[in-house]
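Accompanying notes for the structure given below.
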There are 2 protein chains.
Amino acid sequence: MKHVTRRQILGPIGIVAGSCVLTSCLSENLVSSPDKDKKSSFPWQYATLEPDITAERTYYDCSKGHCMYGVFAPVVSQLAEKYGESYESFPVDMMRYGVGGTGDSGSLCGALNGSAALIGLFIKTEEEMKQLIGELFLWYEQTELPIYVPGKAILDIEMPKSASNSVLCHVSATTWCKISGYKAFTKPQKECCKRLTADTAKKTVEILNAHFAGKSSAVHKLDEKVEKCKSCHTKDSKMSDSRGTMNCGSCHFSLAKAHP
Amino acid sequence: MKHVTRRQILGPIGIVAGSCVLTSCLSENLVSSPDKDKKSSFPWQYATLEPDITAERTYYDCSKGHCMYGVFAPVVSQLAEKYGESYESFPVDMMRYGVGGTGDSGSLCGALNGSAALIGLFIKTEEEMKQLIGELFLWYEQTELPIYVPGKAILDIEMPKSASNSVLCHVSATTWCKISGYKAFTKPQKECCKRLTADTAKKTVEILNAHFAGKSSAVHKLDEKVEKCKSCHTKDSKMSDSRGTMNCGSCHFSLAKAHP
């Protein structure tokens, strides 16, 4: 560790008496980030939004900052129109990072990452947050997308649909390429992503609208095969050796042949 | 579409003359989100941070909001101590959503999601943003983690290490469970995640420090096998049927046997 001053170590938290060594005698409360100066109220206030308008804005906003930005920015901008600050100054441009499953890595679909970030911003309890994200992710895995048809298309083509069976950008895009016959990184594949992102923003707003109206939006269930896998591998099960709710078969391709 | 007023459709953007139907005659500029009223400067200003202090804060902050929050909050809070607003009022609690690979789905590791969000907040150009995220993700896949040893451990155990070969929470956690012999969702597995998250925050700050000092931090390279896969499957290649940079073998287990 480089030389650091006590001020650097403690920030605004306070002064530790004596001359103890940082890593051996500071308590958890002293070295974690301060809470008491927090100026941001949380969670931020939501207001019922029109799903179709959100989808439309998302479709075009994808051209400004890709998928994660495309979902996130239109919701925040609509609330900024209603509430003003702090929505107006939220640095929505940061959400460009979700492009191509985060920095082109192909991991979590950026549309879902943006939607989950919105749910994180508006939902207070961890349990409810996970429920809403869970419903959204199951919908995404199981629904043939894209459904959204733009009034004025950026690329006006007949759009093939596919169910991704996965929340991962890599799997979702590759599955659509297989079914459509189009290559990855082509204009049709990018058009597919824009429309699918519009669908995801619409679904997210529907889920949030329902939640704040006191209604449940949970209609999708884990695939039966996934339920079977989880019966041995999830928390408190016989094996209890894995985490997650993603569709197992989208990576464990040959499991049926080799598995007990 | 439900009935909506023109005000709802257009927000502060303006009034469309005539009585055209929304989806057929509004131009792209009219229906995407407005830019001109944007009050947030972008990107946000970074300042050199101490990697070891960041790791320490991250380790303890994981107890407040899990992995994504654990990486994101300490960096923002340290900058808030230096700059004040807008850092003080950033709703860092929203980042709880990255828990367990986003809402417990097991997809992108929440520590990496939080780190990528920070890179998105501080880096302006898309190319540079992708380079920094790329280096971080390769480091995470290829490094035996966790390295971080807390001075005052929340769970004081001898900590086994493993290289995840994947940026996915599900794969990373399962791999560590296999190597360590511990079950998923146990205290040792959660302790591993806290320490690995501290490592990821430290690496992110090192990457950002280097970037803003005009230095390159790119030292990790794609695995040779992945390079081989990509030679046929990536952009502008023979097949050009997939997207992403994730380690192929972490899901395509039996590729060596069946592949040409």
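How things are named: the first chain in the structure tokens is A, the next is B, and so on; residues count from 1 in each chain; ligands count from 1 in the order shown.
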Check: Near range 119-134 of chain B, within 9 Å and counting only C-alpha atoms, which residues show up once chain neighbours fewer than 5 positions away are dropped, as a PyMOL selection string?
Finding: (chain A and resi 91-98+102-105) or (chain B and resi 42-46+112+114+139+204+207-208+211+217-218+220+245)
Coordinates of chain B after Cα superposition on chain A, as a CSV table (one decimal) with C-alpha atoms, in the first residue's frame:
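After the write, selection.csv holds the following:
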chain,number,residue,atom,x,y,z
B,1,MET,CA,0.0,0.0,0.0
B,2,LYS,CA,1.3,3.4,-1.0
B,3,HIS,CA,1.8,6.0,1.6
B,4,VAL,CA,-1.5,7.7,2.4
B,5,THR,CA,-2.4,10.4,4.9
B,6,ARG,CA,-4.9,10.0,7.7
B,7,ARG,CA,-7.2,12.4,5.8
B,8,GLN,CA,-7.1,10.2,2.8
B,9,ILE,CA,-8.0,7.1,4.8
B,10,LEU,CA,-10.7,8.6,6.9
B,11,GLY,CA,-12.3,11.2,4.6
B,12,PRO,CA,-15.0,13.0,6.5
B,13,ILE,CA,-15.6,10.2,8.9
B,14,GLY,CA,-13.4,11.3,11.7
B,15,ILE,CA,-10.1,10.9,13.3
B,16,VAL,CA,-8.8,7.7,14.8
B,17,ALA,CA,-6.9,8.2,18.0
B,18,GLY,CA,-3.4,6.7,18.3
B,19,SER,CA,-1.3,5.4,15.5
B,20,CYS,CA,-2.8,2.1,14.7
B,21,VAL,CA,-2.2,0.4,11.4
B,22,LEU,CA,-5.2,0.8,9.0
B,23,THR,CA,-5.9,-2.8,8.2
B,24,SER,CA,-5.7,-4.1,11.7
B,25,CYS,CA,-7.5,-1.8,14.0
B,26,LEU,CA,-10.2,0.2,12.1
B,27,SER,CA,-13.6,-1.1,12.8
B,28,GLU,CA,-16.1,-1.9,10.0
B,29,ASN,CA,-18.0,1.3,10.7
B,30,LEU,CA,-14.9,3.4,10.3
B,31,VAL,CA,-13.7,2.1,7.0
B,32,SER,CA,-17.0,1.6,5.1
B,33,SER,CA,-18.5,4.6,3.3
B,34,PRO,CA,-20.4,7.2,5.4
B,35,ASP,CA,-24.2,7.1,5.3
B,36,LYS,CA,-25.1,10.1,7.5
B,37,ASP,CA,-24.2,12.7,4.9
B,38,LYS,CA,-26.2,11.1,2.2
B,39,LYS,CA,-28.3,13.8,0.4
B,40,SER,CA,-30.1,11.6,-2.1
B,41,SER,CA,-33.6,10.5,-1.1
B,42,PHE,CA,-34.2,6.9,-2.1
B,43,PRO,CA,-36.0,5.3,-3.9
B,44,TRP,CA,-36.8,7.9,-6.5
B,45,GLN,CA,-40.4,8.6,-7.3
B,46,TYR,CA,-42.0,6.9,-10.2
B,47,ALA,CA,-45.1,8.0,-12.1
B,48,THR,CA,-47.2,5.9,-14.4
B,49,LEU,CA,-45.8,6.1,-17.9
B,50,GLU,CA,-47.3,5.2,-21.3
B,51,PRO,CA,-45.7,1.9,-22.4
B,52,ASP,CA,-46.1,2.7,-26.2
B,53,ILE,CA,-44.6,6.1,-25.9
B,54,THR,CA,-41.7,4.7,-23.9
B,55,ALA,CA,-41.1,2.0,-26.6
B,56,GLU,CA,-41.1,4.6,-29.3
B,57,ARG,CA,-38.6,6.9,-27.5
B,58,THR,CA,-36.4,3.9,-26.7
B,59,TYR,CA,-36.3,2.7,-30.3
B,60,TYR,CA,-34.9,6.0,-31.4
B,61,ASP,CA,-32.7,6.6,-28.3
B,62,CYS,CA,-30.8,3.4,-29.1
B,63,SER,CA,-29.1,5.4,-31.9
B,64,LYS,CA,-27.7,7.8,-29.3
B,65,GLY,CA,-26.3,5.4,-26.7
B,66,HIS,CA,-27.2,1.8,-27.6
B,67,CYS,CA,-29.4,-0.6,-25.7
B,68,MET,CA,-28.9,0.1,-22.0
B,69,TYR,CA,-29.0,3.8,-22.5
B,70,GLY,CA,-32.0,3.3,-24.9
B,71,VAL,CA,-34.1,1.8,-22.1
B,72,PHE,CA,-32.9,4.0,-19.2
B,73,ALA,CA,-32.8,7.5,-20.8
B,74,PRO,CA,-36.4,7.7,-22.0
B,75,VAL,CA,-37.9,6.7,-18.6
B,76,VAL,CA,-35.7,9.2,-16.8
B,77,SER,CA,-36.4,12.0,-19.3
B,78,GLN,CA,-40.2,11.4,-19.1
B,79,LEU,CA,-40.0,11.7,-15.3
B,80,ALA,CA,-37.8,14.8,-15.7
B,81,GLU,CA,-40.5,16.4,-17.8
B,82,LYS,CA,-42.9,15.7,-14.9
B,83,TYR,CA,-40.7,16.2,-11.8
B,84,GLY,CA,-37.7,18.3,-12.9
B,85,GLU,CA,-34.7,17.6,-10.6
B,86,SER,CA,-33.0,15.2,-9.7
B,87,TYR,CA,-34.1,13.5,-12.9
B,88,GLU,CA,-32.9,16.2,-15.2
B,89,SER,CA,-29.3,15.9,-14.0
B,90,PHE,CA,-29.1,12.2,-13.8
B,91,PRO,CA,-26.0,11.3,-15.9
B,92,VAL,CA,-27.9,9.0,-18.2
B,93,ASP,CA,-25.0,8.9,-20.7
B,94,MET,CA,-23.1,6.6,-18.2
B,95,MET,CA,-25.5,3.9,-19.3
B,96,ARG,CA,-23.8,3.6,-22.7
B,97,TYR,CA,-21.6,1.1,-21.0
B,98,GLY,CA,-24.2,-1.7,-21.3
B,99,VAL,CA,-23.6,-1.8,-25.1
B,100,GLY,CA,-23.3,-5.3,-26.5
B,101,GLY,CA,-23.8,-7.0,-23.1
B,102,THR,CA,-21.5,-4.5,-21.3
B,103,GLY,CA,-18.6,-3.1,-23.3
B,104,ASP,CA,-19.2,-5.6,-26.1
B,105,SER,CA,-18.5,-8.6,-23.8
B,106,GLY,CA,-21.8,-10.3,-24.8
B,107,SER,CA,-22.8,-10.9,-21.2
B,108,LEU,CA,-26.1,-9.5,-19.8
B,109,CYS,CA,-28.3,-8.0,-22.5
B,110,GLY,CA,-28.0,-4.2,-22.2
B,111,ALA,CA,-31.7,-3.7,-22.5
B,112,LEU,CA,-32.2,-5.9,-19.5
B,113,ASN,CA,-29.3,-4.2,-17.6
B,114,GLY,CA,-31.0,-0.8,-18.2
B,115,SER,CA,-34.4,-2.1,-17.1
B,116,ALA,CA,-33.0,-3.7,-14.0
B,117,ALA,CA,-31.2,-0.4,-13.2
B,118,LEU,CA,-34.6,1.4,-13.4
B,119,ILE,CA,-36.2,-1.2,-11.2
B,120,GLY,CA,-33.3,-0.6,-8.8
B,121,LEU,CA,-33.9,3.1,-8.8
B,122,PHE,CA,-37.6,3.0,-8.1
B,123,ILE,CA,-38.1,-0.1,-5.9
B,124,LYS,CA,-37.1,0.0,-2.2
B,125,THR,CA,-37.2,-3.5,-0.9
B,126,GLU,CA,-34.8,-6.1,-2.2
B,127,GLU,CA,-37.4,-8.8,-2.3
B,128,GLU,CA,-39.7,-6.8,-4.5
B,129,MET,CA,-36.8,-5.6,-6.7
B,130,LYS,CA,-35.8,-9.3,-7.4
B,131,GLN,CA,-39.4,-10.3,-8.1
B,132,LEU,CA,-39.8,-7.6,-10.8
B,133,ILE,CA,-36.4,-8.3,-12.3
B,134,GLY,CA,-37.3,-12.0,-12.3
B,135,GLU,CA,-40.5,-11.5,-14.2
B,136,LEU,CA,-38.8,-9.3,-16.7
B,137,PHE,CA,-36.0,-11.8,-17.3
B,138,LEU,CA,-38.4,-14.7,-17.7
B,139,TRP,CA,-40.5,-12.7,-20.2
B,140,TYR,CA,-37.4,-11.9,-22.2
B,141,GLU,CA,-36.2,-15.5,-22.2
B,142,GLN,CA,-39.5,-17.0,-23.2
B,143,THR,CA,-41.0,-14.4,-25.6
B,144,GLU,CA,-40.5,-14.4,-29.4
B,145,LEU,CA,-38.9,-10.9,-30.0
B,146,PRO,CA,-38.9,-8.4,-31.4
B,147,ILE,CA,-42.6,-7.6,-31.3
B,148,TYR,CA,-42.3,-3.8,-31.7
B,149,VAL,CA,-42.8,-2.4,-35.2
B,150,PRO,CA,-41.7,1.2,-35.6
B,151,GLY,CA,-44.0,3.6,-37.4
B,152,LYS,CA,-41.0,5.1,-39.2
B,153,ALA,CA,-38.4,2.4,-39.2
B,154,ILE,CA,-34.6,3.2,-39.2
B,155,LEU,CA,-34.2,0.0,-41.3
B,156,ASP,CA,-37.5,-1.0,-42.9
B,157,ILE,CA,-37.3,-4.8,-43.2
B,158,GLU,CA,-39.6,-7.7,-42.4
B,159,MET,CA,-38.3,-8.7,-39.0
B,160,PRO,CA,-37.9,-12.4,-38.0
B,161,LYS,CA,-38.6,-13.2,-34.4
B,162,SER,CA,-36.9,-15.6,-32.0
B,163,ALA,CA,-37.1,-16.6,-28.3
B,164,SER,CA,-33.6,-16.2,-26.9
B,165,ASN,CA,-33.9,-18.7,-24.0
B,166,SER,CA,-31.2,-16.6,-22.4
B,167,VAL,CA,-30.7,-13.2,-20.9
B,168,LEU,CA,-27.2,-13.0,-22.4
B,169,CYS,CA,-26.5,-10.7,-25.3
B,170,HIS,CA,-24.2,-13.3,-26.9
B,171,VAL,CA,-26.8,-16.1,-26.9
B,172,SER,CA,-29.8,-13.8,-27.7
B,173,ALA,CA,-28.0,-12.3,-30.7
B,174,THR,CA,-26.6,-15.6,-32.0
B,175,THR,CA,-30.0,-17.3,-31.7
B,176,TRP,CA,-31.6,-14.6,-33.7
B,177,CYS,CA,-28.8,-14.8,-36.3
B,178,LYS,CA,-29.4,-18.5,-36.7
B,179,ILE,CA,-33.1,-18.2,-37.1
B,180,SER,CA,-33.1,-15.1,-39.3
B,181,GLY,CA,-30.1,-16.0,-41.5
B,182,TYR,CA,-28.6,-12.5,-40.9
B,183,LYS,CA,-25.0,-12.1,-39.7
B,184,ALA,CA,-24.0,-10.5,-36.4
B,185,PHE,CA,-23.1,-6.8,-36.5
B,186,THR,CA,-25.1,-6.2,-39.7
B,187,LYS,CA,-27.8,-3.5,-40.0
B,188,PRO,CA,-30.6,-6.1,-39.7
B,189,GLN,CA,-29.1,-7.4,-36.5
B,190,LYS,CA,-28.7,-3.9,-35.0
B,191,GLU,CA,-32.3,-3.1,-36.1
B,192,CYS,CA,-33.5,-6.3,-34.3
B,193,CYS,CA,-31.7,-5.1,-31.1
B,194,LYS,CA,-33.3,-1.6,-31.3
B,195,ARG,CA,-36.8,-3.1,-31.6
B,196,LEU,CA,-36.2,-5.8,-28.9
B,197,THR,CA,-34.9,-3.0,-26.7
B,198,ALA,CA,-38.1,-1.0,-27.3
B,199,ASP,CA,-40.1,-4.2,-26.3
B,200,THR,CA,-38.0,-4.5,-23.1
B,201,ALA,CA,-38.6,-0.8,-22.2
B,202,LYS,CA,-42.3,-1.2,-22.8
B,203,LYS,CA,-42.4,-4.4,-20.6
B,204,THR,CA,-40.4,-2.7,-17.8
B,205,VAL,CA,-42.8,0.2,-17.7
B,206,GLU,CA,-45.8,-2.2,-17.7
B,207,ILE,CA,-44.2,-4.0,-14.8
B,208,LEU,CA,-43.5,-0.8,-12.9
B,209,ASN,CA,-47.0,0.6,-13.6
B,210,ALA,CA,-48.6,-2.6,-12.3
B,211,HIS,CA,-46.4,-2.6,-9.2
B,212,PHE,CA,-47.2,1.0,-8.2
B,213,ALA,CA,-50.9,0.3,-8.9
B,214,GLY,CA,-50.7,-2.5,-6.3
B,215,LYS,CA,-51.1,-5.2,-9.0
B,216,SER,CA,-48.9,-8.3,-9.6
B,217,SER,CA,-47.4,-8.6,-13.1
B,218,ALA,CA,-45.8,-12.0,-12.4
B,219,VAL,CA,-47.1,-14.3,-15.2
B,220,HIS,CA,-44.0,-16.1,-16.4
B,221,LYS,CA,-42.7,-19.3,-14.7
B,222,LEU,CA,-39.4,-21.0,-14.7
B,223,ASP,CA,-39.1,-23.6,-17.5
B,224,GLU,CA,-39.9,-27.1,-16.2
B,225,LYS,CA,-36.4,-28.3,-17.1
B,226,VAL,CA,-34.9,-25.5,-15.2
B,227,GLU,CA,-37.1,-26.3,-12.2
B,228,LYS,CA,-35.7,-29.9,-12.4
B,229,CYS,CA,-32.1,-28.7,-12.5
B,230,LYS,CA,-32.7,-26.4,-9.6
B,231,SER,CA,-34.3,-29.1,-7.5
B,232,CYS,CA,-30.8,-30.6,-7.0
B,233,HIS,CA,-28.5,-27.6,-7.6
B,234,THR,CA,-30.0,-24.5,-6.0
B,235,LYS,CA,-30.0,-23.1,-2.5
B,236,ASP,CA,-30.6,-25.7,0.3
B,237,SER,CA,-30.9,-28.5,-2.3
B,238,LYS,CA,-28.9,-31.8,-2.3
B,239,MET,CA,-25.9,-30.3,-4.2
B,240,SER,CA,-26.4,-26.6,-3.5
B,241,ASP,CA,-23.5,-25.9,-5.8
B,242,SER,CA,-24.8,-23.1,-8.1
B,243,ARG,CA,-26.4,-19.7,-8.1
B,244,GLY,CA,-28.7,-18.1,-10.6
B,245,THR,CA,-32.1,-18.4,-12.4
B,246,MET,CA,-30.9,-18.3,-16.0
B,247,ASN,CA,-32.2,-21.0,-18.4
B,248,CYS,CA,-29.7,-23.9,-17.9
B,249,GLY,CA,-30.0,-25.4,-21.4
B,250,SER,CA,-28.8,-22.2,-23.1
B,251,CYS,CA,-25.2,-23.2,-22.0
B,252,HIS,CA,-25.5,-26.8,-20.8
B,253,PHE,CA,-26.3,-28.0,-24.3
B,254,SER,CA,-25.6,-31.7,-24.0
B,255,LEU,CA,-26.8,-32.2,-20.4
B,256,ALA,CA,-29.6,-34.5,-21.4
B,257,LYS,CA,-27.2,-37.1,-22.8
B,258,ALA,CA,-24.6,-37.2,-20.0
B,259,HIS,CA,-26.6,-36.2,-17.0
B,260,PRO,CA,-28.1,-38.7,-14.4
Check: Can you list every residue in range 123-234 of chain B that DSSP puts in helix (DSSP H, G or I), as a VMD selection string?
Finding: chain B and resid 126 to 142 169 to 180 187 to 212 224 to 233
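Across range 86-248 of chain A, DSSP run on the backbone finds strand (DSSP E or B) at Leu108, Leu145, Ser162 and Leu168 of chain A.
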